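Report on one structure; see the data block that follows.
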Amino acid sequence: MIHLIAFARISGKQYAYDYIVKDKDIKKIIQRKQEILGKLSSEAKSLMTFHVISNECVSFNEIATKDPYFADSKPFSNWIDFVREINSQTNINSSDIASYLLRKYPALRNHRFALHKVLYYIYADFLTSYGLTLFMANFVAFDKGPVEYDIYRLEKYEKSELMKNSSFEIKVQYLTNYKEVLHLIKRDVEKYQNYYDQVWNRFESSDSTSNLTHKKGTPWSRAYERGTNSPIIDSDIIQYHHIEVLN
């Protein structure tokens, strides 16, 4: 029999999917490899290796016992579950980047209003610049502007746990344009943190003249018209984000 082992090592952890072909049909091996590659993110693909092994082992555990290279790997019998796990381990999410902001820029730690504004502008600036999302997020239209709902909950109730997350520094290195990403983040923090701190301190968070996301026609205003806490959608950000930027 033939084993196709898809293998990845991420942040010191190993993941493996074993596809067994008993009739030794190499076409099946090629097809499954293509299926896996077709569903992986570009970042995940760069971490993958594929191994074709011909022997009589009937399970991945047997192979791992004989070959220390595969020892201590988390095994998957379903390739879709494997792909989902690898993608989730390499894709940046909102808690990754929020933790990075809180640790890198201490002034944001006690300024929830500015934190969510900066987080939103990083997301929107990257999306409109590259046509891709930098991180997985769930921005909704709160009264004071765009808020990432998961970060709102974590920052309010589990802040110490949130700040322990250091995954961003690892995951960002998988991006081919990681230097540009770090520059964009630094630029947006410098550009919007102090500005929105002043907006909050001057009690202007509901004033569309100062609170730029409240201007007519912005992605937030369009979502808010649909109802409080409505999701802010990417297509609106792409089309209308230019209205809310600080010149």
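Going by the structure tokens order, chains are called A, B, ..., each with residues numbered from 1, while ligands are numbered from 1 in the order shown.
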
From a backbone DSSP assignment, name each residue in range 5-62 of chain A labelled alpha helix (DSSP H), as a PyMOL selection string.
chain A and resi 26-39+42-45+60-62

Could you list, with a cut-off of 7 Å and counting only C-alpha atoms, the residues of range 74-100 of chain A near range 9-33 of chain A, each shown with its nearest atom pair and the distance in Å rounded to one decimal, rows sorted by chain and ascending number, as a Markdown table?
```
| residue | atom | partner | partner_atom | distance |
| --- | --- | --- | --- | --- |
| A:Lys74 | CA | A:Tyr15 | CA | 4.7 |
| A:Pro75 | CA | A:Ala16 | CA | 4.9 |
| A:Phe76 | CA | A:Tyr17 | CA | 4.7 |
| A:Ser77 | CA | A:Tyr17 | CA | 6.0 |
| A:Trp79 | CA | A:Tyr17 | CA | 6.4 |
| A:Phe82 | CA | A:Tyr17 | CA | 6.4 |
```

Dump of all heavy atoms for the selected residues, as a PDB file, in the first residue's frame:
```
ATOM      1  N   LYS A  74       0.200  15.556  15.497  1.00  0.00           N
ATOM      2  CA  LYS A  74      -1.238  15.412  15.670  1.00  0.00           C
ATOM      3  C   LYS A  74      -1.800  14.808  14.386  1.00  0.00           C
ATOM      4  O   LYS A  74      -1.724  15.433  13.329  1.00  0.00           O
ATOM      5  CB  LYS A  74      -1.890  16.768  15.946  1.00  0.00           C
ATOM      6  CG  LYS A  74      -3.402  16.688  16.145  1.00  0.00           C
ATOM      7  CD  LYS A  74      -3.981  18.058  16.448  1.00  0.00           C
ATOM      8  CE  LYS A  74      -5.498  17.976  16.626  1.00  0.00           C
ATOM      9  NZ  LYS A  74      -6.093  19.313  16.929  1.00  0.00           N
ATOM     10  N   PRO A  75      -2.347  13.596  14.442  1.00  0.00           N
ATOM     11  CA  PRO A  75      -2.786  12.935  13.208  1.00  0.00           C
ATOM     12  C   PRO A  75      -4.225  13.292  12.825  1.00  0.00           C
ATOM     13  O   PRO A  75      -5.066  13.528  13.688  1.00  0.00           O
ATOM     14  CB  PRO A  75      -2.692  11.453  13.578  1.00  0.00           C
ATOM     15  CG  PRO A  75      -2.973  11.426  15.045  1.00  0.00           C
ATOM     16  CD  PRO A  75      -2.432  12.716  15.612  1.00  0.00           C
ATOM     17  N   PHE A  76      -4.467  13.321  11.518  1.00  0.00           N
ATOM     18  CA  PHE A  76      -5.802  13.558  10.984  1.00  0.00           C
ATOM     19  C   PHE A  76      -6.135  12.451   9.992  1.00  0.00           C
ATOM     20  O   PHE A  76      -5.315  12.093   9.150  1.00  0.00           O
ATOM     21  CB  PHE A  76      -5.880  14.915  10.273  1.00  0.00           C
ATOM     22  CG  PHE A  76      -5.816  16.098  11.181  1.00  0.00           C
ATOM     23  CD1 PHE A  76      -4.596  16.560  11.656  1.00  0.00           C
ATOM     24  CD2 PHE A  76      -6.972  16.749  11.584  1.00  0.00           C
ATOM     25  CE1 PHE A  76      -4.529  17.650  12.512  1.00  0.00           C
ATOM     26  CE2 PHE A  76      -6.915  17.840  12.433  1.00  0.00           C
ATOM     27  CZ  PHE A  76      -5.687  18.295  12.902  1.00  0.00           C
ATOM     28  N   SER A  77      -7.343  11.924  10.090  1.00  0.00           N
ATOM     29  CA  SER A  77      -7.789  10.914   9.141  1.00  0.00           C
ATOM     30  C   SER A  77      -8.658  11.517   8.043  1.00  0.00           C
ATOM     31  O   SER A  77      -8.898  10.879   7.024  1.00  0.00           O
ATOM     32  CB  SER A  77      -8.577   9.809   9.860  1.00  0.00           C
ATOM     33  OG  SER A  77      -9.692  10.364  10.543  1.00  0.00           O
ATOM     34  N   TRP A  79      -8.988  14.716   5.444  1.00  0.00           N
ATOM     35  CA  TRP A  79      -8.140  15.768   4.871  1.00  0.00           C
ATOM     36  C   TRP A  79      -8.757  17.152   5.002  1.00  0.00           C
ATOM     37  O   TRP A  79      -8.045  18.147   5.125  1.00  0.00           O
ATOM     38  CB  TRP A  79      -7.809  15.458   3.408  1.00  0.00           C
ATOM     39  CG  TRP A  79      -8.915  15.634   2.407  1.00  0.00           C
ATOM     40  CD1 TRP A  79      -9.834  14.703   2.041  1.00  0.00           C
ATOM     41  CD2 TRP A  79      -9.198  16.803   1.633  1.00  0.00           C
ATOM     42  NE1 TRP A  79     -10.686  15.202   1.091  1.00  0.00           N
ATOM     43  CE2 TRP A  79     -10.312  16.506   0.814  1.00  0.00           C
ATOM     44  CE3 TRP A  79      -8.621  18.063   1.540  1.00  0.00           C
ATOM     45  CZ2 TRP A  79     -10.867  17.428  -0.066  1.00  0.00           C
ATOM     46  CZ3 TRP A  79      -9.176  18.991   0.661  1.00  0.00           C
ATOM     47  CH2 TRP A  79     -10.282  18.670  -0.130  1.00  0.00           C
ATOM     48  N   PHE A  82      -7.931  18.393   8.376  1.00  0.00           N
ATOM     49  CA  PHE A  82      -6.507  18.738   8.382  1.00  0.00           C
ATOM     50  C   PHE A  82      -6.280  20.119   7.776  1.00  0.00           C
ATOM     51  O   PHE A  82      -5.589  20.963   8.355  1.00  0.00           O
ATOM     52  CB  PHE A  82      -5.726  17.677   7.602  1.00  0.00           C
ATOM     53  CG  PHE A  82      -4.278  18.016   7.375  1.00  0.00           C
ATOM     54  CD1 PHE A  82      -3.352  17.902   8.399  1.00  0.00           C
ATOM     55  CD2 PHE A  82      -3.841  18.455   6.131  1.00  0.00           C
ATOM     56  CE1 PHE A  82      -2.009  18.212   8.187  1.00  0.00           C
ATOM     57  CE2 PHE A  82      -2.503  18.765   5.910  1.00  0.00           C
ATOM     58  CZ  PHE A  82      -1.593  18.651   6.944  1.00  0.00           C
TER      59      PHE A  82
END
```

12 Å contact set for Leu182 in chain A, only C-alpha atoms, chain neighbours under 2 positions out, as an NGL selection string
:A and (97 or 100-101 or 104 or 122 or 126 or 134 or 168-169 or 172-173 or 175-180 or 184-189)

Using only C-alpha atoms, which residues sit within 10 Å of Glu56 in chain A once same-chain residues fewer than 5 positions away are excluded, as JSON, numbers by chain?
{"A": [1, 2, 3, 22, 62, 63]}

Please produce a file of those selected residues containing N, CA, C and O atoms, as a CSV table (one decimal), in the first residue's frame.
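File again_38.csv, as written:
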```csv
chain,number,residue,atom,x,y,z
A,1,MET,N,0.8,-1.2,0.0
A,1,MET,CA,0.0,0.0,0.0
A,1,MET,C,0.9,1.3,0.0
A,1,MET,O,2.1,1.2,0.4
A,2,ILE,N,0.3,2.4,-0.4
A,2,ILE,CA,1.0,3.6,-0.5
A,2,ILE,C,0.4,4.6,0.5
A,2,ILE,O,-0.8,4.8,0.6
A,3,HIS,N,1.2,5.3,1.2
A,3,HIS,CA,0.8,6.4,2.1
A,3,HIS,C,1.2,7.7,1.5
A,3,HIS,O,2.4,7.9,1.2
A,22,LYS,N,-4.6,1.5,-1.0
A,22,LYS,CA,-4.2,0.0,-0.9
A,22,LYS,C,-3.9,-0.6,-2.3
A,22,LYS,O,-3.2,-1.5,-2.4
A,62,GLU,N,1.7,3.6,13.2
A,62,GLU,CA,2.8,2.6,12.9
A,62,GLU,C,4.0,3.3,12.2
A,62,GLU,O,5.1,3.1,12.6
A,63,ILE,N,3.7,4.2,11.3
A,63,ILE,CA,4.7,4.9,10.6
A,63,ILE,C,5.5,5.8,11.6
A,63,ILE,O,6.7,5.9,11.6
```

Just checking: using only C-alpha atoms, which residue out of A:Phe60, A:Asn194, A:Phe7, A:Tyr224 ends up closest to Ala107 in chain A?
A:Asn194

Using only C-alpha atoms, can you tell me which of A:His242, A:Arg222, A:His116, A:Lys159 comes closest to Tyr192 in chain A?
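For Tyr192 in chain A, the nearest of the given residues is A:His116.
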
I need the residues of range 57-120 of chain A that end up classed as strand (DSSP E) by DSSP on the backbone, written out as a PyMOL selection string.
chain A and resi 73-76

Deliver the residues from the most recent selection as a file, using N, CA and C atoms, as an mmCIF file, in the first residue's frame.
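Output (selection33.cif):
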```cif
data_model
loop_
_atom_site.group_PDB
_atom_site.id
_atom_site.type_symbol
_atom_site.label_atom_id
_atom_site.label_comp_id
_atom_site.auth_asym_id
_atom_site.auth_seq_id
_atom_site.Cartn_x
_atom_site.Cartn_y
_atom_site.Cartn_z
ATOM 1 N N SER A 73 3.333 14.005 16.207
ATOM 2 C CA SER A 73 2.460 14.757 15.299
ATOM 3 C C SER A 73 0.997 14.543 15.681
ATOM 4 N N LYS A 74 0.200 15.556 15.497
ATOM 5 C CA LYS A 74 -1.238 15.412 15.670
ATOM 6 C C LYS A 74 -1.800 14.808 14.386
ATOM 7 N N PRO A 75 -2.347 13.596 14.442
ATOM 8 C CA PRO A 75 -2.786 12.935 13.208
ATOM 9 C C PRO A 75 -4.225 13.292 12.825
ATOM 10 N N PHE A 76 -4.467 13.321 11.518
ATOM 11 C CA PHE A 76 -5.802 13.558 10.984
ATOM 12 C C PHE A 76 -6.135 12.451 9.992
#
```

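CA of Ser59 in chain A is positioned 19.4 Å from CA of Val83 in chain A.
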
Which residues are close to Arg103 in chain A, i.e. within 10 Å by only C-alpha atoms, leaving aside same-chain residues fewer than 2 positions away? Reply as JSON, numbers by chain.
{"A": [97, 98, 99, 100, 101, 105, 106, 107, 108, 109, 162, 163, 164, 165, 166]}

Can you write just those residues out, all heavy atoms, as a short mmCIF file (atom, residue, chain, number, x, y, z; two decimals), in the first residue's frame?
```cif
data_model
loop_
_atom_site.label_atom_id
_atom_site.label_comp_id
_atom_site.auth_asym_id
_atom_site.auth_seq_id
_atom_site.Cartn_x
_atom_site.Cartn_y
_atom_site.Cartn_z
N ILE A 97 -3.93 40.10 16.49
CA ILE A 97 -3.46 41.45 16.22
C ILE A 97 -3.82 42.40 17.36
O ILE A 97 -3.07 43.33 17.67
CB ILE A 97 -3.98 41.96 14.86
CG1 ILE A 97 -3.18 43.18 14.41
CG2 ILE A 97 -5.46 42.23 14.88
CD1 ILE A 97 -3.32 43.49 12.94
N ALA A 98 -4.96 42.18 18.02
CA ALA A 98 -5.32 43.03 19.16
C ALA A 98 -4.33 42.84 20.30
O ALA A 98 -3.92 43.81 20.95
CB ALA A 98 -6.73 42.70 19.63
N SER A 99 -3.93 41.61 20.54
CA SER A 99 -2.92 41.35 21.57
C SER A 99 -1.61 42.04 21.22
O SER A 99 -0.95 42.63 22.09
CB SER A 99 -2.70 39.84 21.72
OG SER A 99 -1.67 39.57 22.64
N TYR A 100 -1.22 41.96 19.96
CA TYR A 100 0.01 42.61 19.52
C TYR A 100 -0.06 44.12 19.77
O TYR A 100 0.90 44.73 20.27
CB TYR A 100 0.22 42.34 18.04
CG TYR A 100 1.38 43.09 17.43
CD1 TYR A 100 2.69 42.69 17.67
CD2 TYR A 100 1.16 44.20 16.60
CE1 TYR A 100 3.77 43.38 17.10
CE2 TYR A 100 2.23 44.88 16.04
CZ TYR A 100 3.52 44.48 16.28
OH TYR A 100 4.57 45.17 15.74
N LEU A 101 -1.19 44.73 19.45
CA LEU A 101 -1.36 46.17 19.66
C LEU A 101 -1.25 46.53 21.14
O LEU A 101 -0.60 47.51 21.52
CB LEU A 101 -2.71 46.63 19.11
CG LEU A 101 -2.88 46.60 17.60
CD1 LEU A 101 -4.32 46.95 17.22
CD2 LEU A 101 -1.91 47.54 16.91
N TYR A 105 1.98 48.62 22.02
CA TYR A 105 1.64 50.04 22.23
C TYR A 105 0.84 50.16 23.54
O TYR A 105 -0.40 50.17 23.53
CB TYR A 105 0.84 50.58 21.05
CG TYR A 105 1.55 50.40 19.72
CD1 TYR A 105 1.24 49.33 18.87
CD2 TYR A 105 2.55 51.27 19.32
CE1 TYR A 105 1.90 49.16 17.66
CE2 TYR A 105 3.22 51.10 18.12
CZ TYR A 105 2.89 50.04 17.30
OH TYR A 105 3.55 49.87 16.10
N PRO A 106 1.53 50.25 24.67
CA PRO A 106 0.88 50.26 25.99
C PRO A 106 -0.17 51.35 26.16
O PRO A 106 -1.10 51.19 26.97
CB PRO A 106 2.06 50.47 26.96
CG PRO A 106 3.25 49.96 26.22
CD PRO A 106 3.00 50.30 24.78
N ALA A 107 -0.05 52.45 25.42
CA ALA A 107 -1.02 53.54 25.57
C ALA A 107 -2.43 53.11 25.19
O ALA A 107 -3.41 53.76 25.59
CB ALA A 107 -0.59 54.73 24.72
N LEU A 108 -2.56 52.02 24.43
CA LEU A 108 -3.88 51.54 24.00
C LEU A 108 -4.57 50.70 25.08
O LEU A 108 -5.77 50.42 24.96
CB LEU A 108 -3.75 50.70 22.73
CG LEU A 108 -3.48 51.46 21.42
CD1 LEU A 108 -3.13 50.47 20.32
CD2 LEU A 108 -4.68 52.30 21.01
N ARG A 109 -3.84 50.32 26.11
CA ARG A 109 -4.39 49.36 27.06
C ARG A 109 -5.58 49.87 27.85
O ARG A 109 -6.45 49.10 28.24
CB ARG A 109 -3.28 48.90 28.03
CG ARG A 109 -2.19 48.10 27.35
CD ARG A 109 -1.09 47.71 28.30
NE ARG A 109 0.04 47.11 27.58
CZ ARG A 109 1.19 46.78 28.13
NH1 ARG A 109 1.37 46.99 29.44
NH2 ARG A 109 2.15 46.26 27.40
N LEU A 162 -6.03 37.65 26.86
CA LEU A 162 -5.84 38.21 25.52
C LEU A 162 -4.40 38.63 25.31
O LEU A 162 -3.81 38.36 24.25
CB LEU A 162 -6.78 39.41 25.32
CG LEU A 162 -6.62 40.20 24.01
CD1 LEU A 162 -6.93 39.32 22.80
CD2 LEU A 162 -7.53 41.43 24.02
N MET A 163 -3.81 39.26 26.30
CA MET A 163 -2.46 39.79 26.15
C MET A 163 -1.39 38.69 26.16
O MET A 163 -0.24 38.94 25.80
CB MET A 163 -2.18 40.82 27.24
CG MET A 163 -3.00 42.09 27.07
SD MET A 163 -2.60 43.37 28.27
CE MET A 163 -0.90 43.73 27.84
N LYS A 164 -1.77 37.49 26.54
CA LYS A 164 -0.81 36.38 26.51
C LYS A 164 -0.63 35.83 25.10
O LYS A 164 0.29 35.05 24.85
CB LYS A 164 -1.29 35.26 27.44
CG LYS A 164 -1.24 35.60 28.92
CD LYS A 164 -1.77 34.45 29.75
CE LYS A 164 -1.79 34.79 31.23
NZ LYS A 164 -2.34 33.67 32.05
N ASN A 165 -1.51 36.21 24.21
CA ASN A 165 -1.47 35.69 22.84
C ASN A 165 -0.33 36.36 22.06
O ASN A 165 -0.38 37.55 21.77
CB ASN A 165 -2.81 35.98 22.15
CG ASN A 165 -2.87 35.46 20.73
OD1 ASN A 165 -1.88 34.97 20.19
ND2 ASN A 165 -4.02 35.60 20.11
N SER A 166 0.68 35.59 21.73
CA SER A 166 1.81 36.13 20.96
C SER A 166 1.88 35.52 19.56
O SER A 166 2.94 35.50 18.94
CB SER A 166 3.12 35.88 21.72
OG SER A 166 3.31 34.49 21.93
#
```
